[in-house]
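A.B. asks: start_35.txt is the file, holding compact mmCIF, C-alpha atoms:
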# COMPACT_ATOMS: atom_id res chain seq x y z
CA MET D 1006 -164.75 37.85 114.30
CA VAL D 1007 -165.52 37.83 110.57
CA ASN D 1008 -167.73 35.17 108.98
CA GLY D 1009 -167.36 32.92 111.98
CA ARG D 1010 -163.59 33.16 111.89
CA VAL D 1011 -161.91 34.47 115.03
CA LEU D 1012 -159.23 37.07 114.36
CA HIS D 1013 -156.54 38.37 116.68
CA PHE D 1014 -155.39 41.92 116.21
CA TYR D 1015 -152.17 43.75 116.74
CA LEU D 1016 -151.05 47.33 116.43
CA ALA D 1017 -149.58 47.81 112.95
CA GLY D 1018 -149.21 51.50 112.37
CA ILE D 1019 -150.76 54.89 112.58
CA ASN D 1020 -152.77 56.74 109.97
CA ASN D 1021 -153.43 60.41 110.58
CA GLN D 1022 -153.48 59.71 114.31
CA ASN D 1023 -155.97 56.91 114.10
CA PHE D 1024 -154.22 53.61 114.45
CA LEU D 1025 -154.06 50.71 112.06
CA MET D 1026 -154.19 47.14 113.16
CA ARG D 1027 -153.64 43.86 111.41
CA ASP D 1028 -154.92 40.43 112.24
CA ARG D 1029 -152.53 37.55 112.77
CA GLU D 1030 -154.70 35.16 110.79
CA THR D 1031 -154.84 36.93 107.39
CA GLY D 1032 -152.58 39.97 107.68
CA THR D 1033 -155.47 42.22 106.64
CA TRP D 1034 -155.18 45.90 107.63
CA TRP D 1035 -157.98 47.45 109.69
CA GLN D 1036 -158.75 51.03 110.66
CA GLN D 1037 -159.39 51.41 114.36
CA ILE D 1038 -162.21 53.95 114.35
CA THR D 1039 -164.36 52.24 111.71
CA GLY D 1040 -163.49 48.60 112.35
CA ARG D 1041 -163.27 48.18 108.60
CA ALA D 1042 -160.73 46.18 106.63
CA ILE D 1043 -158.98 48.67 104.35
CA TYR D 1044 -156.37 46.45 102.73
CA GLY D 1045 -155.60 42.75 102.37
CA PRO D 1046 -157.52 39.50 101.96
CA LEU D 1047 -160.53 40.65 104.00
CA LYS D 1048 -160.73 44.15 102.49
CA GLY D 1049 -164.25 45.51 102.73
CA ALA D 1050 -165.20 43.41 105.75
CA ALA D 1051 -166.34 45.15 108.90
CA LEU D 1052 -166.17 44.08 112.51
CA ASP D 1053 -169.34 44.19 114.55
CA LEU D 1054 -169.31 47.02 117.04
CA VAL D 1055 -169.70 45.77 120.60
CA PRO D 1056 -171.83 48.09 122.72
CA SER D 1057 -169.55 49.76 125.21
CA ASP D 1058 -169.52 52.60 127.69
CA GLU D 1059 -166.98 55.19 128.65
CA LEU D 1060 -167.47 55.52 132.39
CA THR D 1061 -165.58 56.38 135.51
CA PHE D 1062 -164.48 53.38 137.51
CA GLY D 1063 -166.70 54.59 140.36
CA GLU D 1064 -169.80 54.77 138.20
CA TRP D 1065 -169.13 51.32 136.74
CA LYS D 1066 -168.59 49.78 140.18
CA SER D 1067 -171.93 51.13 141.30
CA GLU D 1068 -173.67 49.45 138.37
CA VAL D 1069 -172.17 45.97 138.18
CA THR D 1070 -171.66 43.06 140.51
CA ASP D 1071 -168.62 40.81 140.30
CA GLY D 1072 -167.14 42.98 137.57
CA LYS D 1073 -163.67 42.19 136.30
CA VAL D 1074 -161.04 44.83 135.75
CA LEU D 1075 -158.12 44.48 133.37
CA ALA D 1076 -155.11 44.26 135.65
CA PRO D 1077 -152.07 46.40 134.95
CA VAL D 1078 -149.20 44.46 133.37
CA ALA D 1079 -146.45 44.89 135.96
CA LYS D 1080 -143.72 45.18 133.33
CA TYR D 1081 -145.37 48.13 131.65
CA ALA D 1082 -147.21 49.75 134.53
CA LYS D 1083 -144.63 52.54 134.64
CA LYS D 1084 -145.51 53.47 131.09
CA TYR D 1085 -149.17 54.00 131.80
CA GLU D 1086 -149.70 57.71 131.65
CA SER D 1087 -151.86 58.83 134.53
CA ASN D 1088 -152.33 62.13 132.80
CA TRP D 1089 -152.95 60.60 129.36
CA GLU D 1090 -155.71 62.95 128.39
CA HIS D 1091 -153.56 65.99 128.98
CA GLU D 1092 -150.48 64.45 127.32
CA VAL D 1093 -152.34 63.31 124.20
CA ALA D 1094 -153.94 66.71 123.84
CA LYS D 1095 -150.48 68.26 123.43
CA LEU D 1096 -149.55 66.06 120.46
CA PRO D 1097 -149.58 67.75 117.08
CA VAL D 1098 -152.40 67.10 114.63
CA VAL D 1099 -151.79 66.36 110.97
CA ILE D 1100 -155.24 66.99 109.65
CA SER D 1101 -157.42 69.92 110.45
CA PHE D 1102 -160.63 71.33 109.18
CA PRO D 1103 -160.30 75.07 109.15
CA GLY D 1104 -163.59 76.85 108.78
CA THR D 1105 -165.48 74.19 110.72
CA GLU D 1106 -167.17 75.02 113.98
CA LEU D 1107 -164.62 73.40 116.29
CA LYS D 1108 -160.90 73.20 116.94
CA SER D 1109 -158.98 70.01 116.10
CA ARG D 1110 -158.48 68.89 119.68
CA ASP D 1111 -161.97 69.77 120.87
CA ILE D 1112 -163.60 66.69 122.33
CA VAL D 1113 -166.94 65.66 120.91
CA VAL D 1114 -169.42 62.88 121.44
CA GLY D 1115 -170.14 61.55 117.97
CA LEU D 1116 -173.00 59.33 116.90
CA GLU D 1117 -174.50 57.90 113.75
CA MET D 1118 -178.16 57.30 113.09
CA GLY D 1119 -178.30 55.48 109.79
CA ASP D 1120 -176.21 57.57 107.43
CA VAL D 1121 -176.59 60.79 109.38
CA SER D 1122 -173.84 61.65 111.83
CA ARG D 1123 -173.71 64.35 114.44
CA ALA D 1124 -171.15 65.65 116.92
CA TYR D 1125 -171.83 67.17 120.34
CA PRO D 1126 -169.07 69.32 121.81
CA TRP D 1127 -168.19 67.78 125.15
CA ASP D 1128 -167.82 70.97 127.17
CA SER D 1129 -171.29 72.26 126.51
CA LEU D 1130 -172.75 68.77 126.76
CA ALA D 1131 -171.30 68.41 130.25
CA LYS D 1132 -172.72 71.79 131.22
CA GLN D 1133 -176.17 71.33 129.74
CA SER D 1134 -176.79 67.62 130.26
CA PRO D 1135 -179.33 66.17 129.68
CA VAL D 1136 -179.47 67.27 126.05
CA LEU D 1137 -182.41 66.37 123.83
CA ASP D 1138 -182.04 66.19 120.09
CA ARG D 1139 -183.50 64.58 117.01
CA VAL D 1140 -181.23 62.94 114.45
CA ASN D 1141 -182.54 61.32 111.28
CA GLY D 1142 -186.01 61.26 112.81
CA THR D 1143 -185.01 59.60 116.07
CA PRO D 1144 -185.43 61.50 119.34
CA LEU D 1145 -182.23 61.29 121.37
CA LEU D 1146 -181.30 61.86 124.98
CA LEU D 1147 -177.65 62.56 125.76
CA VAL D 1148 -176.74 62.33 129.41
CA VAL D 1149 -173.57 63.05 131.31
CA GLY D 1150 -173.50 60.99 134.49
CA PRO D 1151 -173.59 62.09 138.13
CA ASP D 1152 -169.78 62.02 138.13
CA GLY D 1153 -169.64 64.65 135.37
CA LYS D 1154 -167.42 62.38 133.23
CA SER D 1155 -169.40 59.29 132.23
CA PHE D 1156 -171.87 59.65 129.39
CA ARG D 1157 -174.59 57.70 127.64
CA VAL D 1158 -176.95 58.25 124.74
CA PHE D 1159 -180.48 56.88 124.61
CA VAL D 1160 -183.47 56.94 122.31
CA SER D 1161 -185.85 59.20 124.20
CA ARG D 1162 -188.95 57.16 123.62
CA ILE D 1163 -191.00 55.41 126.27
CA ASP D 1164 -193.11 52.58 124.85
CA GLY D 1165 -192.70 53.99 121.37
CA LYS D 1166 -193.77 57.49 122.35
CA ASP D 1167 -191.42 60.45 122.30
CA ALA D 1168 -190.59 61.78 125.74
CA GLU D 1169 -188.57 64.62 127.17
CA PHE D 1170 -186.21 64.26 130.07
CA PHE D 1171 -184.81 66.68 132.56
CA LEU D 1172 -182.65 66.51 135.63
CA LYS D 1173 -184.56 65.96 138.85
CA GLY D 1174 -184.57 68.99 141.11
CA GLU D 1175 -183.47 71.24 138.30
CA THR D 1176 -185.63 74.12 137.25
CA GLU D 1177 -185.20 76.21 134.17
CA SER D 1178 -183.14 78.78 136.00
CA SER D 1179 -180.81 76.62 138.10
CA SER D 1180 -177.78 74.81 136.85
CA SER D 1181 -176.67 71.24 137.39
CA ALA D 1182 -173.32 72.14 138.86
CA GLY D 1183 -172.45 70.46 142.11
CA VAL D 1184 -174.78 67.50 141.83
CA PRO D 1185 -173.55 64.97 144.37
CA PRO D 1186 -172.51 61.58 143.05
CA ALA D 1187 -175.20 58.97 143.38
CA VAL D 1188 -174.93 55.34 144.25
CA VAL D 1189 -177.43 53.58 142.08
CA ARG D 1190 -178.00 49.90 141.70
CA ALA D 1191 -180.61 48.91 139.25
CA SER D 1192 -181.27 46.83 136.23
CA ARG D 1193 -179.28 47.80 133.24
CA PRO D 1194 -180.09 47.39 129.59
CA HIS D 1195 -177.26 46.06 127.55
CA MET D 1196 -176.03 44.16 124.55
CA GLY D 1197 -179.49 43.81 123.14
CA SER D 1198 -180.38 41.11 125.63
CA ASP D 1199 -183.15 41.79 128.06
CA GLU D 1200 -181.54 40.23 131.08
CA SER D 1201 -181.75 42.40 134.12
CA LYS D 1202 -180.44 42.31 137.60
CA PRO D 1203 -182.70 42.49 140.62
CA GLN D 1204 -182.52 45.73 142.47
CA SER D 1205 -180.32 45.58 145.49
CA PRO D 1206 -182.36 46.07 148.64
CA ALA D 1207 -179.41 47.81 150.28
CA ALA D 1208 -179.22 50.53 147.65
CA PRO D 1209 -179.69 54.01 149.07
CA ALA D 1210 -182.17 56.34 147.46
CA PRO D 1211 -180.48 57.86 144.41
CA ALA D 1212 -179.70 61.53 144.65
CA TRP D 1213 -179.22 61.87 140.92
CA ALA D 1214 -182.13 61.09 138.64
CA LEU D 1215 -183.82 62.14 135.47
CA LEU D 1216 -187.54 62.79 135.19
CA ASP D 1217 -189.60 62.36 132.07
CA ASN D 1218 -192.54 64.50 131.01
CA ALA D 1219 -194.64 61.60 129.73
CA THR D 1220 -194.91 59.40 132.82
CA ALA D 1221 -193.21 61.56 135.47
CA SER D 1222 -191.03 58.60 136.35
CA GLU D 1223 -187.52 58.74 137.79
CA TRP D 1224 -184.72 57.33 135.64
CA ASN D 1225 -181.19 56.40 136.56
CA PHE D 1226 -178.02 56.91 134.52
CA GLN D 1227 -178.41 53.46 133.02
CA GLY D 1228 -181.57 54.69 131.34
CA CYS D 1229 -183.94 52.64 133.48
CA ALA D 1230 -186.97 53.91 135.35
CA ILE D 1231 -186.58 53.33 139.08
CA SER D 1232 -189.88 54.75 140.20
CA GLY D 1233 -193.13 56.01 138.77
CA ALA D 1234 -195.41 54.60 136.10
CA ALA D 1235 -192.53 53.52 133.86
CA ARG D 1236 -190.71 51.69 136.65
CA GLY D 1237 -188.74 48.71 135.31
CA LYS D 1238 -188.63 50.02 131.75
CA CYS D 1239 -185.32 50.87 130.15
CA LEU D 1240 -184.55 53.17 127.25
CA ASP D 1241 -182.84 51.89 124.11
CA ARG D 1242 -179.17 52.68 123.91
CA VAL D 1243 -177.43 54.48 121.07
CA PRO D 1244 -173.72 53.82 120.43
CA ALA D 1245 -171.64 56.98 120.70
CA LEU D 1246 -167.95 57.73 120.60
CA LYS D 1247 -165.95 60.30 122.51
CA ASP D 1248 -163.38 61.54 120.06
CA TYR D 1249 -161.32 64.49 118.97
CA TRP D 1250 -163.09 66.72 116.48
CA PHE D 1251 -160.44 66.25 113.76
CA ASP D 1252 -160.71 62.45 113.96
CA TRP D 1253 -164.51 62.39 114.05
CA ARG D 1254 -164.76 64.89 111.18
CA ASN D 1255 -162.17 63.00 109.13
CA TYR D 1256 -164.21 59.80 109.14
CA HIS D 1257 -167.61 61.52 109.09
CA PRO D 1258 -167.25 64.25 106.46
CA GLY D 1259 -170.99 64.92 106.46
CA THR D 1260 -171.28 65.33 110.22
CA THR D 1261 -173.21 68.22 111.66
CA VAL D 1262 -172.36 69.85 114.96
CA SER D 1263 -174.99 70.27 117.62
CA LYS D 1264 -175.58 73.82 118.80
CA HIS D 1265 -177.12 72.69 122.06
CA MET I 225 -116.35 39.13 81.11
CA ARG I 226 -116.23 42.77 81.93
CA THR I 227 -119.84 43.41 80.85
CA ARG I 228 -120.96 40.36 82.78
CA ARG I 229 -119.28 41.70 85.87
CA SER I 230 -120.85 45.13 85.53
CA LEU I 231 -124.23 43.45 85.00
CA SER I 232 -123.69 41.58 88.27
CA TRP I 233 -122.95 44.84 90.03
CA THR I 234 -126.07 46.43 88.57
CA ILE I 235 -128.26 43.58 89.69
CA PHE I 236 -126.57 43.55 93.09
CA TYR I 237 -127.29 47.23 93.67
CA ALA I 238 -130.79 47.02 92.21
CA ALA I 239 -131.73 44.09 94.45
CA ALA I 240 -130.32 45.85 97.50
CA LEU I 241 -132.19 49.04 96.65
CA ALA I 242 -135.44 47.14 96.10
CA GLY I 243 -135.01 45.34 99.42
CA CYS I 244 -134.37 48.61 101.25
CA LEU I 245 -137.32 50.35 99.60
CA LEU I 246 -139.60 47.46 100.57
CA PHE I 247 -138.88 48.30 104.17
CA PHE I 248 -138.21 52.05 104.17
CA PHE I 249 -141.04 53.18 101.91
CA PRO I 250 -143.92 51.89 104.10
CA ALA I 251 -141.98 52.78 107.25
CA PHE I 252 -141.67 56.33 105.97
CA ILE I 253 -145.33 56.64 104.97
CA ILE I 254 -146.82 54.95 108.02
CA ARG I 255 -145.22 57.14 110.62
CA PRO I 256 -146.85 59.34 113.22
CA PHE I 257 -147.43 63.08 113.09
CA ARG I 258 -147.47 63.31 109.36
CA TYR I 259 -150.39 63.53 106.99
CA GLN I 260 -151.00 60.40 104.90
CA SER I 261 -153.08 60.57 101.77
CA PRO I 262 -155.32 57.57 101.10
CA ASN I 263 -153.28 56.65 97.99
CA ALA I 264 -149.94 56.79 99.78
CA LEU I 265 -151.36 54.70 102.59
CA THR I 266 -152.72 52.06 100.20
CA MET I 267 -149.36 51.85 98.43
CA ALA I 268 -147.53 51.59 101.74
CA MET I 269 -149.80 48.77 102.90
CA ALA I 270 -149.35 46.94 99.59
CA VAL I 271 -145.57 47.20 99.87
CA ARG I 272 -145.59 46.21 103.53
CA HIS I 273 -147.67 43.20 102.58
CA VAL I 274 -145.07 41.77 100.21
CA ALA I 275 -142.03 43.06 102.13
CA PRO I 276 -141.45 40.03 104.39
CA TRP I 277 -140.82 37.80 101.36
CA GLY I 278 -139.64 40.47 98.95
CA THR I 279 -136.82 41.56 101.22
CA ILE I 280 -135.70 37.96 101.71
CA ALA I 281 -135.64 37.41 97.95
CA ALA I 282 -133.65 40.63 97.50
CA LEU I 283 -131.22 39.59 100.22
CA ALA I 284 -130.76 36.15 98.63
CA VAL I 285 -129.91 37.73 95.27
CA CYS I 286 -127.46 40.10 96.97
CA LEU I 287 -125.79 37.24 98.83
CA VAL I 288 -125.27 35.15 95.71
CA LEU I 289 -123.86 38.09 93.77
CA ALA I 290 -121.67 39.25 96.65
CA PHE I 291 -120.18 35.80 96.75
CA ALA I 292 -119.43 35.97 93.01
CA LEU I 293 -118.03 39.50 93.21
CA TRP I 294 -115.94 38.95 96.32
CA GLU I 295 -112.20 39.44 95.94
CA SER I 296 -110.21 38.74 99.04
CA ASP I 297 -107.42 41.20 98.15
CA ASN I 298 -109.75 44.07 97.28
CA ARG I 299 -110.46 45.79 100.56
CA ARG I 300 -112.61 48.60 99.18
CA ARG I 301 -114.80 46.18 97.29
CA LYS I 302 -115.23 44.04 100.41
CA ILE I 303 -116.38 47.06 102.38
CA VAL I 304 -118.90 48.09 99.72
CA LEU I 305 -120.32 44.57 99.44
CA THR I 306 -120.56 44.19 103.20
CA VAL I 307 -122.24 47.53 103.79
CA VAL I 308 -124.83 46.89 101.09
CA LEU I 309 -125.44 43.37 102.38
CA VAL I 310 -125.96 44.68 105.89
CA LEU I 311 -128.52 47.18 104.60
CA ALA I 312 -130.39 44.47 102.69
CA ALA I 313 -130.29 42.18 105.72
CA PHE I 314 -131.51 45.02 107.96
CA SER I 315 -134.51 45.56 105.68
CA ALA I 316 -135.30 41.84 105.64
CA VAL I 317 -135.20 41.64 109.43
CA MET I 318 -137.14 44.87 109.98
CA SER I 319 -139.88 43.86 107.55
CA ARG I 320 -140.57 40.93 109.84
CA MET I 321 -140.54 43.02 112.98
CA ASN I 322 -143.40 45.02 114.37
CA TYR I 323 -141.56 48.00 115.72
CA PHE I 324 -144.85 49.65 116.73
CA GLU I 325 -145.06 46.95 119.38
CA TRP I 326 -141.62 47.92 120.63
CA MET I 327 -143.09 51.26 121.57
CA PHE I 328 -146.45 49.98 122.71
CA HIS I 329 -146.11 46.45 123.99
CA PRO I 330 -149.15 44.23 123.51
CA ILE I 331 -150.81 42.32 126.31
CA ASP I 332 -150.26 38.69 125.45
CA ARG I 333 -152.56 37.25 128.02
CA ALA I 334 -154.97 39.60 129.75
CA GLN I 335 -155.20 39.20 133.50
CA PHE I 336 -158.23 40.43 135.37
CA GLU I 337 -158.81 41.34 138.95
CA SER I 338 -162.04 41.75 140.86
CA GLU I 339 -163.47 45.23 141.15
CA ALA I 340 -162.83 45.05 144.90
CA ALA I 341 -159.16 44.17 144.41
CA SER I 342 -158.54 46.87 141.83
CA LYS I 343 -156.46 49.81 142.98
CA LEU I 344 -157.99 52.06 140.36
CA GLU I 345 -159.31 55.35 141.67
CA SER I 346 -163.01 55.94 141.27
CA GLY I 347 -162.50 58.95 139.01
CA GLU I 348 -160.43 56.97 136.47
CA MET I 349 -162.05 56.45 133.08
CA ILE I 350 -162.69 52.95 131.86
CA ILE I 351 -164.17 51.31 128.78
CA ALA I 352 -166.95 49.00 129.96
CA ILE I 353 -168.47 46.10 128.11
CA ARG I 354 -170.89 43.50 129.30
CA PHE I 355 -172.27 40.27 127.94
CA GLY I 356 -174.82 38.64 130.21
CA ASN I 357 -173.30 38.60 133.68
CA ASP I 358 -169.77 39.10 132.45
CA ALA I 359 -168.99 42.77 133.03
CA ARG I 360 -165.50 44.00 132.23
CA ALA I 361 -163.68 47.25 132.68
CA TYR I 362 -160.64 48.25 130.67
CA PRO I 363 -158.87 51.22 132.24
CA ILE I 364 -158.27 53.82 129.55
CA ARG I 365 -154.96 54.73 131.11
CA GLU I 366 -153.84 51.19 130.34
CA MET I 367 -155.50 50.95 126.93
CA ALA I 368 -153.97 54.28 125.87
CA TYR I 369 -150.62 52.52 126.12
CA HIS I 370 -151.34 49.02 124.78
CA HIS I 371 -153.92 50.30 122.24
CA VAL I 372 -155.22 46.83 121.28
CA LEU I 373 -156.35 43.95 123.46
CA ASN I 374 -157.78 40.66 122.27
CA ASP I 375 -160.18 39.26 124.83
CA VAL I 376 -163.02 36.78 125.10
CA VAL I 377 -166.07 37.92 127.04
CA ALA I 378 -168.75 35.33 127.73
CA GLY I 379 -167.50 33.34 124.76
CA VAL I 380 -167.51 36.31 122.40
CA PRO I 381 -164.11 37.23 120.92
CA VAL I 382 -163.63 40.99 121.15
CA ALA I 383 -160.89 43.41 120.20
CA VAL I 384 -160.75 46.31 122.65
CA THR I 385 -159.07 49.36 121.15
CA TYR I 386 -158.18 52.83 122.27
Would you write out, as structure tokens, the structure that this file holds?
C.D. replies:
Amino acid sequence: MVNGRVLHFYLAGINNQNFLMRDRETGTWWQQITGRAIYGPLKGAALDLVPSDELTFGEWKSEVTDGKVLAPVAKYAKKYESNWEHEVAKLPVVISFPGTELKSRDIVVGLEMGDVSRAYPWDSLAKQSPVLDRVNGTPLLLVVGPDGKSFRVFVSRIDGKDAEFFLKGETESSSSAGVPPAVVRASRPHMGSDESKPQSPAAPAPAWALLDNATASEWNFQGCAISGAARGKCLDRVPALKDYWFDWRNYHPGTTVSKH
Amino acid sequence: MRTRRSLSWTIFYAAALAGCLLFFFPAFIIRPFRYQSPNALTMAMAVRHVAPWGTIAALAVCLVLAFALWESDNRRRKIVLTVVLVLAAFSAVMSRMNYFEWMFHPIDRAQFESEAASKLESGEMIIAIRFGNDARAYPIREMAYHHVLNDVVAGVPVAVTY
């Protein structure tokens, strides 16, 4: 939606492996990754980014009630690639950044804080989660979920005060490998609205949790405290994108790479 | 008479060439697995923008001139005129087609199923969005094929892309 006008988009091409779309209403061309109009009547306009998560279906199911899932279109179901990640990774790249820290097809979690952008290599993030960082003055908490695949980024501040988080039951010397998946039902911060869902009485005690050093509370993967002094509070979310290094670097030339 | 005829031929070929370029130039630039410079991309988008009407205009010019140049007893000339006309017509049709959607069909009307009814495995990745109580999951396996989906979530129009 731009200036109150609803637009409908369709796939219109590919630009250095990031796709282009056009809207049926004005024919303007838009770049997928930025949501910006790059050519046509609306050139210069930008779509608002809707907060979203990249989660496993299992993790999502454990968080929502009455969720709706996009159904497969029967006609095209055969074309859905079950191994899409593997298949896409084999495609050639047309832009590369030799001399940078990563390889083109390395997967990163990228985020922007104001005009500062930063990339976190996925492999080490998954191994070392939770990762604490500070970007453009904001303390950040990057967490890979109990399933090892879902991820979220939060501002690591509780009531305006910086806090550090670590995985419950994890000491400095042990690793997080083999953490059993947790079933967690709790309130969830989202979309800037403060609505929250009551905690389900049937929810089993979560096996996976984060602890903070400021209030010693337990936090779930949705960034909400489920026990302790901070119980009921939720951390602010930070939008982040899982992307290939070449694509992230192409649209964020000034990005730094985390050495976590 | 002779110069007028050769002028007709020149315009005929020029119009056909322009029509073909209007389609083939952006099609060539905006193709996968090849580097596109920002300038080339901008030019391709500009051409693609005018191509739907430009190719029709070129085809109309070609048709009128082909009619004037047609000689029913000149077989070679008929072949040349027909081939060029077909090329111009092809460009006009293709400029109005979205062949990217032939490869990756869009979802015209999104259908949703309840989380309980979904056959998705729990390890499958999804894109999740939520407005109020309206929580939606878009399986990445599905979005990686369709690429773009227009949806309305709790009254908010959204474009889901992957």
A.B. asks: Taking only C-alpha atoms into account and nothing else, which residues of chain D lie no more than 6 Å away from chain I? Please answer as a ChimeraX atom specification.
C.D. replies: /D:1019,1021,1057-1063,1072-1076,1085,1099
A.B. asks: Write to file, as a PDB file, in the coordinates of the input, the residues of the selection just made, with C-alpha atoms.
C.D. replies:
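Just written: selection37.pdb:
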ATOM      1  CA  ILE D1019    -150.760  54.890 112.580  1.00  0.00           C
ATOM      2  CA  ASN D1021    -153.430  60.410 110.580  1.00  0.00           C
ATOM      3  CA  SER D1057    -169.550  49.760 125.210  1.00  0.00           C
ATOM      4  CA  ASP D1058    -169.520  52.600 127.690  1.00  0.00           C
ATOM      5  CA  GLU D1059    -166.980  55.190 128.650  1.00  0.00           C
ATOM      6  CA  LEU D1060    -167.470  55.520 132.390  1.00  0.00           C
ATOM      7  CA  THR D1061    -165.580  56.380 135.510  1.00  0.00           C
ATOM      8  CA  PHE D1062    -164.480  53.380 137.510  1.00  0.00           C
ATOM      9  CA  GLY D1063    -166.700  54.590 140.360  1.00  0.00           C
ATOM     10  CA  GLY D1072    -167.140  42.980 137.570  1.00  0.00           C
ATOM     11  CA  LYS D1073    -163.670  42.190 136.300  1.00  0.00           C
ATOM     12  CA  VAL D1074    -161.040  44.830 135.750  1.00  0.00           C
ATOM     13  CA  LEU D1075    -158.120  44.480 133.370  1.00  0.00           C
ATOM     14  CA  ALA D1076    -155.110  44.260 135.650  1.00  0.00           C
ATOM     15  CA  TYR D1085    -149.170  54.000 131.800  1.00  0.00           C
ATOM     16  CA  VAL D1099    -151.790  66.360 110.970  1.00  0.00           C
TER      17      VAL D1099
END
A.B. asks: Is it possible to get the residues within 10 Å of (-189.9, 55.7, 124.8) (coordinates as in the file, counting all atoms listed in the file) written as a PDB file with C-alpha atoms, keeping the file's coordinate frame?
C.D. replies:
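Writing done, so here's selection_38.pdb:
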ATOM      1  CA  PRO D1144    -185.430  61.500 119.340  1.00  0.00           C
ATOM      2  CA  PHE D1159    -180.480  56.880 124.610  1.00  0.00           C
ATOM      3  CA  VAL D1160    -183.470  56.940 122.310  1.00  0.00           C
ATOM      4  CA  SER D1161    -185.850  59.200 124.200  1.00  0.00           C
ATOM      5  CA  ARG D1162    -188.950  57.160 123.620  1.00  0.00           C
ATOM      6  CA  ILE D1163    -191.000  55.410 126.270  1.00  0.00           C
ATOM      7  CA  ASP D1164    -193.110  52.580 124.850  1.00  0.00           C
ATOM      8  CA  GLY D1165    -192.700  53.990 121.370  1.00  0.00           C
ATOM      9  CA  LYS D1166    -193.770  57.490 122.350  1.00  0.00           C
ATOM     10  CA  ASP D1167    -191.420  60.450 122.300  1.00  0.00           C
ATOM     11  CA  ALA D1168    -190.590  61.780 125.740  1.00  0.00           C
ATOM     12  CA  GLU D1169    -188.570  64.620 127.170  1.00  0.00           C
ATOM     13  CA  ASP D1217    -189.600  62.360 132.070  1.00  0.00           C
ATOM     14  CA  ALA D1219    -194.640  61.600 129.730  1.00  0.00           C
ATOM     15  CA  ALA D1235    -192.530  53.520 133.860  1.00  0.00           C
ATOM     16  CA  LYS D1238    -188.630  50.020 131.750  1.00  0.00           C
ATOM     17  CA  CYS D1239    -185.320  50.870 130.150  1.00  0.00           C
ATOM     18  CA  LEU D1240    -184.550  53.170 127.250  1.00  0.00           C
ATOM     19  CA  ASP D1241    -182.840  51.890 124.110  1.00  0.00           C
TER      20      ASP D1241
END
A.B. asks: Check the smallest atom-to-atom distance from each of I:Met327, I:Ala239, I:Ala378, I:Leu293 to I:Leu311 using all atoms listed in the file, then report the winner.
C.D. replies: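 Selected residue with least distance to I:Leu311: I:Ala239.
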A.B. asks: Write out as a ChimeraX atom specification each polymer residue whose atoms come within 10 Å of D:Ala1230, counting all atoms listed in the file; drop sequence neighbours fewer than 5 positions from it.
C.D. replies: /D:1191-1192,1214-1217,1220-1225,1235-1240
A.B. asks: I'd like to know which of D:Trp1127, D:Phe1024, D:Phe1014, D:Tyr1044 is closest to D:Arg1110, using all atoms listed in the file.
C.D. replies: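 Looking at the shortest contact to D:Arg1110, the residue is D:Trp1127.
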A.B. asks: In Å to one decimal, how far is atom CA of D:Ile1112 from atom CA of D:Trp1034?
C.D. replies: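 Distance between the two atoms: 26.8 Å.
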A.B. asks: How many Å separate atom CA of D:Arg1139 from atom CA of D:Val1121?
C.D. replies: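 Answer for the atom CA of D:Arg1139 to atom CA of D:Val1121 separation: 11.0 Å.
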A.B. asks: Rounded to one decimal in Å, what is the spacing between atom CA of I:Val285 and atom CA of I:Val308?
C.D. replies: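 So the two atoms, atom CA of I:Val285 and atom CA of I:Val308, lie 12.0 Å apart.
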A.B. asks: The centre and edge lengths of an axis-aligned box containing all atoms of stretch 1237-1250 of chain D present in the file, extended by 8 Å on each side, are to be given in Å to one decimal, as AutoDock Vina command-line options.
C.D. replies:
--center_x -175.0 --center_y 57.7 --center_z 125.9 --size_x 43.4 --size_y 34.0 --size_z 34.8
A.B. asks: Looking at I:Arg226, I:Leu289, I:Leu246, I:Phe252, which one is nearest to I:Ser315, with distances taken over all atoms listed in the file?
C.D. replies: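 Nearest to I:Ser315: I:Leu246.
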A.B. asks: List the neighbours of I:Phe247 out to 9 Å using all atoms listed in the file; skip same-chain residues closer than 2 positions along the sequence, and give me the result as a CSV table (one decimal) with C-alpha atoms, keeping the file's coordinate frame.
C.D. replies:
chain,number,residue,atom,x,y,z
I,242,ALA,CA,-135.4,47.1,96.1
I,243,GLY,CA,-135.0,45.3,99.4
I,244,CYS,CA,-134.4,48.6,101.2
I,245,LEU,CA,-137.3,50.4,99.6
I,249,PHE,CA,-141.0,53.2,101.9
I,250,PRO,CA,-143.9,51.9,104.1
I,251,ALA,CA,-142.0,52.8,107.2
I,252,PHE,CA,-141.7,56.3,106.0
I,271,VAL,CA,-145.6,47.2,99.9
I,272,ARG,CA,-145.6,46.2,103.5
I,275,ALA,CA,-142.0,43.1,102.1
I,276,PRO,CA,-141.4,40.0,104.4
I,279,THR,CA,-136.8,41.6,101.2
I,314,PHE,CA,-131.5,45.0,108.0
I,315,SER,CA,-134.5,45.6,105.7
I,316,ALA,CA,-135.3,41.8,105.6
I,318,MET,CA,-137.1,44.9,110.0
I,319,SER,CA,-139.9,43.9,107.6
A.B. asks: Point out the residue among D:Trp1035, D:Tyr1125, D:Phe1170, D:Tyr1249 with the least atom-to-atom distance to D:Ala1051, counting all atoms listed in the file.
C.D. replies: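 Distance minimum relative to D:Ala1051 lands on D:Trp1035.
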